[in-house]
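S.K.: Data: run22.pdb, PDB, C-alpha atoms and all ligand atoms.
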```pdb
MODEL        1
ATOM      1  CA  MET O   1     -27.072  -3.327 -12.167  1.00  0.00           C
ATOM      2  CA  PRO O   2     -26.648  -1.117 -15.234  1.00  0.00           C
ATOM      3  CA  GLU O   3     -26.086  -2.832 -18.566  1.00  0.00           C
ATOM      4  CA  ALA O   4     -22.485  -2.886 -19.735  1.00  0.00           C
ATOM      5  CA  ALA O   5     -21.889  -0.376 -22.514  1.00  0.00           C
ATOM      6  CA  GLY O   6     -20.336  -1.089 -25.877  1.00  0.00           C
ATOM      7  CA  GLY O   7     -22.566  -3.874 -27.179  1.00  0.00           C
ATOM      8  CA  ARG O   8     -21.232  -6.599 -24.939  1.00  0.00           C
ATOM      9  CA  LYS O   9     -23.029  -9.895 -24.915  1.00  0.00           C
ATOM     10  CA  GLU O  10     -25.786 -10.291 -22.395  1.00  0.00           C
ATOM     11  CA  GLY O  11     -24.631 -11.951 -19.190  1.00  0.00           C
ATOM     12  CA  ALA O  12     -21.099 -10.731 -19.814  1.00  0.00           C
ATOM     13  CA  LEU O  13     -19.484  -7.958 -17.832  1.00  0.00           C
ATOM     14  CA  GLY O  14     -16.091  -6.489 -18.475  1.00  0.00           C
ATOM     15  CA  GLY O  15     -15.675  -9.122 -21.188  1.00  0.00           C
ATOM     16  CA  LEU O  16     -16.196 -11.863 -18.615  1.00  0.00           C
ATOM     17  CA  ARG O  17     -18.965 -14.428 -18.868  1.00  0.00           C
ATOM     18  CA  LEU O  18     -21.043 -14.407 -15.714  1.00  0.00           C
ATOM     19  CA  THR O  19     -21.219 -18.090 -14.843  1.00  0.00           C
ATOM     20  CA  PRO O  20     -23.362 -19.129 -11.842  1.00  0.00           C
ATOM     21  CA  GLN O  21     -20.121 -19.426  -9.841  1.00  0.00           C
ATOM     22  CA  ARG O  22     -18.966 -15.923 -10.735  1.00  0.00           C
ATOM     23  CA  LYS O  23     -22.457 -14.552 -10.075  1.00  0.00           C
ATOM     24  CA  ALA O  24     -22.487 -16.122  -6.613  1.00  0.00           C
ATOM     25  CA  ILE O  25     -18.964 -14.878  -5.839  1.00  0.00           C
ATOM     26  CA  LEU O  26     -19.797 -11.362  -6.996  1.00  0.00           C
ATOM     27  CA  ALA O  27     -22.929 -11.370  -4.831  1.00  0.00           C
ATOM     28  CA  ALA O  28     -20.880 -12.601  -1.872  1.00  0.00           C
ATOM     29  CA  VAL O  29     -18.339  -9.790  -2.282  1.00  0.00           C
ATOM     30  CA  ARG O  30     -21.130  -7.220  -2.402  1.00  0.00           C
ATOM     31  CA  GLU O  31     -23.156  -8.776   0.423  1.00  0.00           C
ATOM     32  CA  GLY O  32     -23.531  -7.081   3.791  1.00  0.00           C
ATOM     33  CA  GLY O  33     -20.413  -5.435   5.133  1.00  0.00           C
ATOM     34  CA  ARG O  34     -18.196  -4.996   2.100  1.00  0.00           C
ATOM     35  CA  HIS O  35     -14.469  -5.653   1.930  1.00  0.00           C
ATOM     36  CA  PRO O  36     -14.573  -9.344   2.982  1.00  0.00           C
ATOM     37  CA  GLU O  37     -11.543 -11.630   2.908  1.00  0.00           C
ATOM     38  CA  ALA O  38     -11.509 -14.517   0.421  1.00  0.00           C
ATOM     39  CA  GLY O  39     -12.267 -16.961   3.259  1.00  0.00           C
ATOM     40  CA  GLU O  40     -15.465 -15.102   4.149  1.00  0.00           C
ATOM     41  CA  ILE O  41     -16.475 -14.986   0.489  1.00  0.00           C
ATOM     42  CA  TYR O  42     -15.868 -18.733   0.267  1.00  0.00           C
ATOM     43  CA  GLU O  43     -18.109 -19.381   3.293  1.00  0.00           C
ATOM     44  CA  ARG O  44     -20.883 -17.233   1.824  1.00  0.00           C
ATOM     45  CA  VAL O  45     -20.688 -18.855  -1.620  1.00  0.00           C
ATOM     46  CA  ARG O  46     -20.695 -22.350  -0.119  1.00  0.00           C
ATOM     47  CA  ARG O  47     -24.210 -21.809   1.247  1.00  0.00           C
ATOM     48  CA  GLN O  48     -25.352 -21.663  -2.369  1.00  0.00           C
ATOM     49  CA  LEU O  49     -22.716 -23.837  -4.082  1.00  0.00           C
ATOM     50  CA  PRO O  50     -21.603 -26.367  -1.443  1.00  0.00           C
ATOM     51  CA  HIS O  51     -19.072 -28.069  -3.729  1.00  0.00           C
ATOM     52  CA  ILE O  52     -17.062 -25.015  -4.733  1.00  0.00           C
ATOM     53  CA  SER O  53     -13.414 -25.021  -3.668  1.00  0.00           C
ATOM     54  CA  LEU O  54     -11.414 -22.210  -2.116  1.00  0.00           C
ATOM     55  CA  GLY O  55      -9.071 -22.363  -5.125  1.00  0.00           C
ATOM     56  CA  THR O  56     -11.986 -21.747  -7.487  1.00  0.00           C
ATOM     57  CA  VAL O  57     -13.038 -18.759  -5.391  1.00  0.00           C
ATOM     58  CA  TYR O  58      -9.504 -17.321  -5.561  1.00  0.00           C
ATOM     59  CA  ARG O  59      -9.278 -17.898  -9.315  1.00  0.00           C
ATOM     60  CA  ASN O  60     -12.640 -16.283  -9.987  1.00  0.00           C
ATOM     61  CA  LEU O  61     -11.848 -13.319  -7.735  1.00  0.00           C
ATOM     62  CA  ALA O  62      -8.721 -12.710  -9.785  1.00  0.00           C
ATOM     63  CA  GLN O  63     -10.740 -12.883 -13.011  1.00  0.00           C
ATOM     64  CA  LEU O  64     -13.465 -10.587 -11.660  1.00  0.00           C
ATOM     65  CA  SER O  65     -10.743  -8.175 -10.597  1.00  0.00           C
ATOM     66  CA  GLU O  66      -9.149  -8.293 -14.041  1.00  0.00           C
ATOM     67  CA  ALA O  67     -12.559  -7.517 -15.560  1.00  0.00           C
ATOM     68  CA  GLY O  68     -12.881  -4.502 -13.247  1.00  0.00           C
ATOM     69  CA  LEU O  69     -15.892  -5.818 -11.328  1.00  0.00           C
ATOM     70  CA  VAL O  70     -14.176  -6.095  -7.952  1.00  0.00           C
ATOM     71  CA  VAL O  71     -11.071  -4.479  -6.500  1.00  0.00           C
ATOM     72  CA  GLU O  72      -8.430  -6.229  -4.446  1.00  0.00           C
ATOM     73  CA  LEU O  73      -7.321  -4.188  -1.463  1.00  0.00           C
ATOM     74  CA  ASN O  74      -3.897  -5.077  -0.123  1.00  0.00           C
ATOM     75  CA  ILE O  75      -4.347  -4.123   3.467  1.00  0.00           C
ATOM     76  CA  GLY O  76      -2.755  -5.871   6.412  1.00  0.00           C
ATOM     77  CA  ARG O  77      -2.218  -9.625   6.352  1.00  0.00           C
ATOM     78  CA  ALA O  78      -4.903 -10.820   3.948  1.00  0.00           C
ATOM     79  CA  SER O  79      -6.306  -9.263   0.785  1.00  0.00           C
ATOM     80  CA  ARG O  80      -9.741  -7.780   1.118  1.00  0.00           C
ATOM     81  CA  TRP O  81     -12.204  -7.576  -1.742  1.00  0.00           C
ATOM     82  CA  ASP O  82     -14.305  -4.562  -2.640  1.00  0.00           C
ATOM     83  CA  GLY O  83     -17.477  -4.937  -4.698  1.00  0.00           C
ATOM     84  CA  GLN O  84     -17.488  -1.231  -5.498  1.00  0.00           C
ATOM     85  CA  PRO O  85     -15.032  -0.779  -8.384  1.00  0.00           C
ATOM     86  CA  ALA O  86     -15.566   2.985  -8.776  1.00  0.00           C
ATOM     87  CA  PRO O  87     -12.715   5.007  -7.224  1.00  0.00           C
ATOM     88  CA  HIS O  88     -13.290   5.757  -3.568  1.00  0.00           C
ATOM     89  CA  ASP O  89     -11.343   6.063  -0.336  1.00  0.00           C
ATOM     90  CA  HIS O  90     -11.193   3.959   2.804  1.00  0.00           C
ATOM     91  CA  LEU O  91     -10.984   4.147   6.555  1.00  0.00           C
ATOM     92  CA  ILE O  92      -9.069   1.276   8.122  1.00  0.00           C
ATOM     93  CA  CYS O  93      -8.977   0.344  11.795  1.00  0.00           C
ATOM     94  CA  ARG O  94      -5.485  -0.831  12.754  1.00  0.00           C
ATOM     95  CA  ARG O  95      -6.854  -2.746  15.707  1.00  0.00           C
ATOM     96  CA  CYS O  96      -9.833  -4.788  14.431  1.00  0.00           C
ATOM     97  CA  GLY O  97      -9.230  -4.558  10.669  1.00  0.00           C
ATOM     98  CA  HIS O  98     -12.595  -2.953  10.005  1.00  0.00           C
ATOM     99  CA  ILE O  99     -12.684  -1.199   6.621  1.00  0.00           C
ATOM    100  CA  GLU O 100     -15.288   1.238   5.461  1.00  0.00           C
ATOM    101  CA  ASP O 101     -15.730   3.700   2.626  1.00  0.00           C
ATOM    102  CA  ILE O 102     -15.294   7.390   3.273  1.00  0.00           C
ATOM    103  CA  ASP O 103     -16.379  10.227   1.022  1.00  0.00           C
ATOM    104  CA  ILE O 104     -14.266  13.298   1.663  1.00  0.00           C
ATOM    105  CA  GLY O 105     -15.641  15.106  -1.386  1.00  0.00           C
ATOM    106  CA  ARG O 106     -12.888  14.127  -3.793  1.00  0.00           C
ATOM    107  CA  GLU O 107     -14.509  16.154  -6.613  1.00  0.00           C
ATOM    108  CA  GLY O 108     -13.239  19.404  -5.174  1.00  0.00           C
ATOM    109  CA  CYS O 109      -9.810  18.000  -4.485  1.00  0.00           C
ATOM    110  CA  ASP O 110      -7.130  18.126  -7.150  1.00  0.00           C
ATOM    111  CA  LEU O 111      -4.644  15.618  -5.752  1.00  0.00           C
ATOM    112  CA  ASP O 112      -4.164  14.105  -9.195  1.00  0.00           C
ATOM    113  CA  ALA O 113      -3.062  17.466 -10.629  1.00  0.00           C
ATOM    114  CA  ILE O 114      -0.635  18.003  -7.763  1.00  0.00           C
ATOM    115  CA  ALA O 115       0.825  14.514  -8.200  1.00  0.00           C
ATOM    116  CA  ARG O 116       1.161  15.095 -11.921  1.00  0.00           C
ATOM    117  CA  ARG O 117       2.914  18.427 -11.366  1.00  0.00           C
ATOM    118  CA  VAL O 118       5.469  17.145  -8.862  1.00  0.00           C
ATOM    119  CA  SER O 119       6.154  13.806 -10.584  1.00  0.00           C
ATOM    120  CA  GLY O 120       5.570  14.202 -14.304  1.00  0.00           C
ATOM    121  CA  PHE O 121       3.428  11.070 -14.176  1.00  0.00           C
ATOM    122  CA  ILE O 122       0.200  10.836 -16.094  1.00  0.00           C
ATOM    123  CA  ILE O 123      -2.079  10.214 -13.138  1.00  0.00           C
ATOM    124  CA  GLU O 124      -4.942   7.808 -13.769  1.00  0.00           C
ATOM    125  CA  GLY O 125      -6.322   7.791 -10.266  1.00  0.00           C
ATOM    126  CA  HIS O 126      -5.527   7.523  -6.615  1.00  0.00           C
ATOM    127  CA  ARG O 127      -6.790   5.726  -3.566  1.00  0.00           C
ATOM    128  CA  LEU O 128      -6.525   7.137  -0.079  1.00  0.00           C
ATOM    129  CA  GLN O 129      -6.349   5.015   3.054  1.00  0.00           C
ATOM    130  CA  PHE O 130      -7.000   6.692   6.367  1.00  0.00           C
ATOM    131  CA  GLU O 131      -5.642   4.586   9.192  1.00  0.00           C
ATOM    132  CA  GLY O 132      -6.536   4.717  12.852  1.00  0.00           C
ATOM    133  CA  LEU O 133      -8.981   3.421  15.436  1.00  0.00           C
ATOM    134  CA  CYS O 134     -12.669   2.851  14.741  1.00  0.00           C
ATOM    135  CA  PRO O 135     -15.188   4.146  17.325  1.00  0.00           C
ATOM    136  CA  ALA O 136     -15.712   0.641  18.810  1.00  0.00           C
ATOM    137  CA  CYS O 137     -11.958   0.150  19.299  1.00  0.00           C
ATOM    138  CA  GLN O 138     -11.656   3.620  20.819  1.00  0.00           C
ATOM    139  CA  ARG O 139     -14.233   2.554  23.428  1.00  0.00           C
ATOM    140  CA  ARG O 140     -12.333  -0.712  24.039  1.00  0.00           C
ATOM    141  CA  GLU O 141      -9.077   1.167  24.567  1.00  0.00           C
ATOM    142  CA  LEU O 142     -10.803   3.580  26.969  1.00  0.00           C
ATOM    143  CA  ASP O 143     -12.273   0.640  28.936  1.00  0.00           C
ATOM    144  CA  GLN O 144      -8.870  -0.991  29.156  1.00  0.00           C
ATOM    145  CA  SER O 145      -7.106   2.133  30.383  1.00  0.00           C
ATOM    146  CA  ALA O 146      -9.936   2.634  32.932  1.00  0.00           C
ATOM    147  CA  HIS O 147      -9.337  -0.930  34.237  1.00  0.00           C
ATOM    148  CA  ALA O 148      -5.593  -0.350  34.270  1.00  0.00           C
ATOM    149  CA  THR O 149      -5.968   2.675  36.563  1.00  0.00           C
ATOM    150  CA  ASP O 150      -8.374   0.668  38.831  1.00  0.00           C
ATOM    151  CA  VAL O 151      -5.558  -1.669  39.859  1.00  0.00           C
TER     152      VAL O 151
HETATM  153 ZN    ZN O 201     -11.597  -1.258  15.217  1.00  0.00          ZN
HETATM  154 MN    MN O 202     -14.659   0.248  -0.492  1.00  0.00          MN
ENDMDL
END
```
As structure tokens - that is how I would like this structure written.
Ligand code: ZN
Ligand code: MN
M.R.:
Amino acid sequence: MPEAAGGRKEGALGGLRLTPQRKAILAAVREGGRHPEAGEIYERVRRQLPHISLGTVYRNLAQLSEAGLVVELNIGRASRWDGQPAPHDHLICRRCGHIEDIDIGREGCDLDAIARRVSGFIIEGHRLQFEGLCPACQRRELDQSAHATDV
């Protein structure tokens, strides 16, 4: 992890002290498939810190988000947490809830300028969500329609 710029104290990121709890929560957000729900993060952290409460996980996620270390994604029923705070876009499966990053080459794309022109807003960023069916759910739907025509 690169050192925070601007002469921040060691062990602090985004002005936030990295306690063992926060460290474990941050690692859990970044672990494996990203974009976990708070409940999954809680289960992961509990392997290391068995006495932590779900409330503590929620509180620390909010603080990590405020410090810009994680991003809360409001998608579907439950919030999902992204350990990659740099701007990027997402693919979301409407059927299984799978979320993954997609790089559509946003450097060449001047959406911010267009939004500024049509709205007069000062645009500070944008986040795109592409919604649809992931490949696994496409196969499931195909299987189901094949069974339906069998009958
Ligand atoms: Zn899916
Ligand atoms: Mn992401």
S.K.: From the list O:Ala113, O:Ala146, O:Cys93, O:Ile104, which residue is nearest ligand ZN 201 (chain O) when using only C-alpha atoms and all ligand atoms?
M.R.: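 Residue with the minimum atom-to-atom distance to ligand ZN 201 (chain O): O:Cys93.
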S.K.: Please identify every polymer residue within 9 Å of ligand ZN 201 (chain O), using all atoms listed in the file, and present the set as a PyMOL selection string.
M.R.: chain O and resi 92-99+132-138+140
S.K.: When the PyMOL selection byres (((chain O and resi 27) around 12) and not hetatm) is applied to the file above, which residues end up in the set, as an NGL selection string?
M.R.: :O and (1 or 18 or 20-26 or 28-34 or 36 or 41-42 or 44-45 or 48 or 61 or 64 or 69-70 or 81-84)
S.K.: Hey, can you check how far CA of Ala115 in chain O sits from CA of Ser79 in chain O?
M.R.: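 Interatomic distance, CA of Ala115 in chain O to CA of Ser79 in chain O: 26.4 Å.
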S.K.: For ligand MN 202 (chain O), which residue out of O:Gly15, O:Gly125, O:Pro85, O:Gly105 is the nearest one, using only C-alpha atoms and all ligand atoms?
M.R.: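 That would be O:Pro85, the residue with the smallest distance to ligand MN 202 (chain O).
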S.K.: Take CA of Asp89 in chain O and CA of Gly76 in chain O and report the distance between them in Å, one decimal.
M.R.: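 Separation of CA of Asp89 in chain O and CA of Gly76 in chain O: 16.2 Å.
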S.K.: May I ask for the distance between CA of Arg117 in chain O and CA of His90 in chain O, given in Å to one decimal place?
M.R.: 24.7 Å
S.K.: Here is a test: counting all atoms listed in the file, which residue of O:Arg77, O:His35, O:Arg59, O:His51 is nearest to ligand MN 202 (chain O)?
M.R.: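 The answer is O:His35, which sits nearest to ligand MN 202 (chain O).
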S.K.: Considering all atoms listed in the file, can you say which of O:Glu131, O:Asp103, O:Glu43, O:Asp110 comes closest to ligand MN 202 (chain O)?
M.R.: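 Nearest candidate to ligand MN 202 (chain O) out of O:Glu131, O:Asp103, O:Glu43, O:Asp110: O:Asp103.
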S.K.: Between O:Leu73, O:Ile123, O:Ala148, O:Leu16, which is the closest to ligand MN 202 (chain O) once you count all atoms listed in the file?
M.R.: O:Leu73
S.K.: With the file shown as input, list the residues that the PyMOL selection byres (((chain O and resi 112) around 12) and not hetatm) selects, as a PyMOL selection string.
M.R.: chain O and resi 106-111+113-128
S.K.: Nearest to Ala62 in chain O among O:Ala38, O:Ser145, O:Glu100, O:Ala86, with distances taken over only C-alpha atoms: which residue is it?
M.R.: O:Ala38
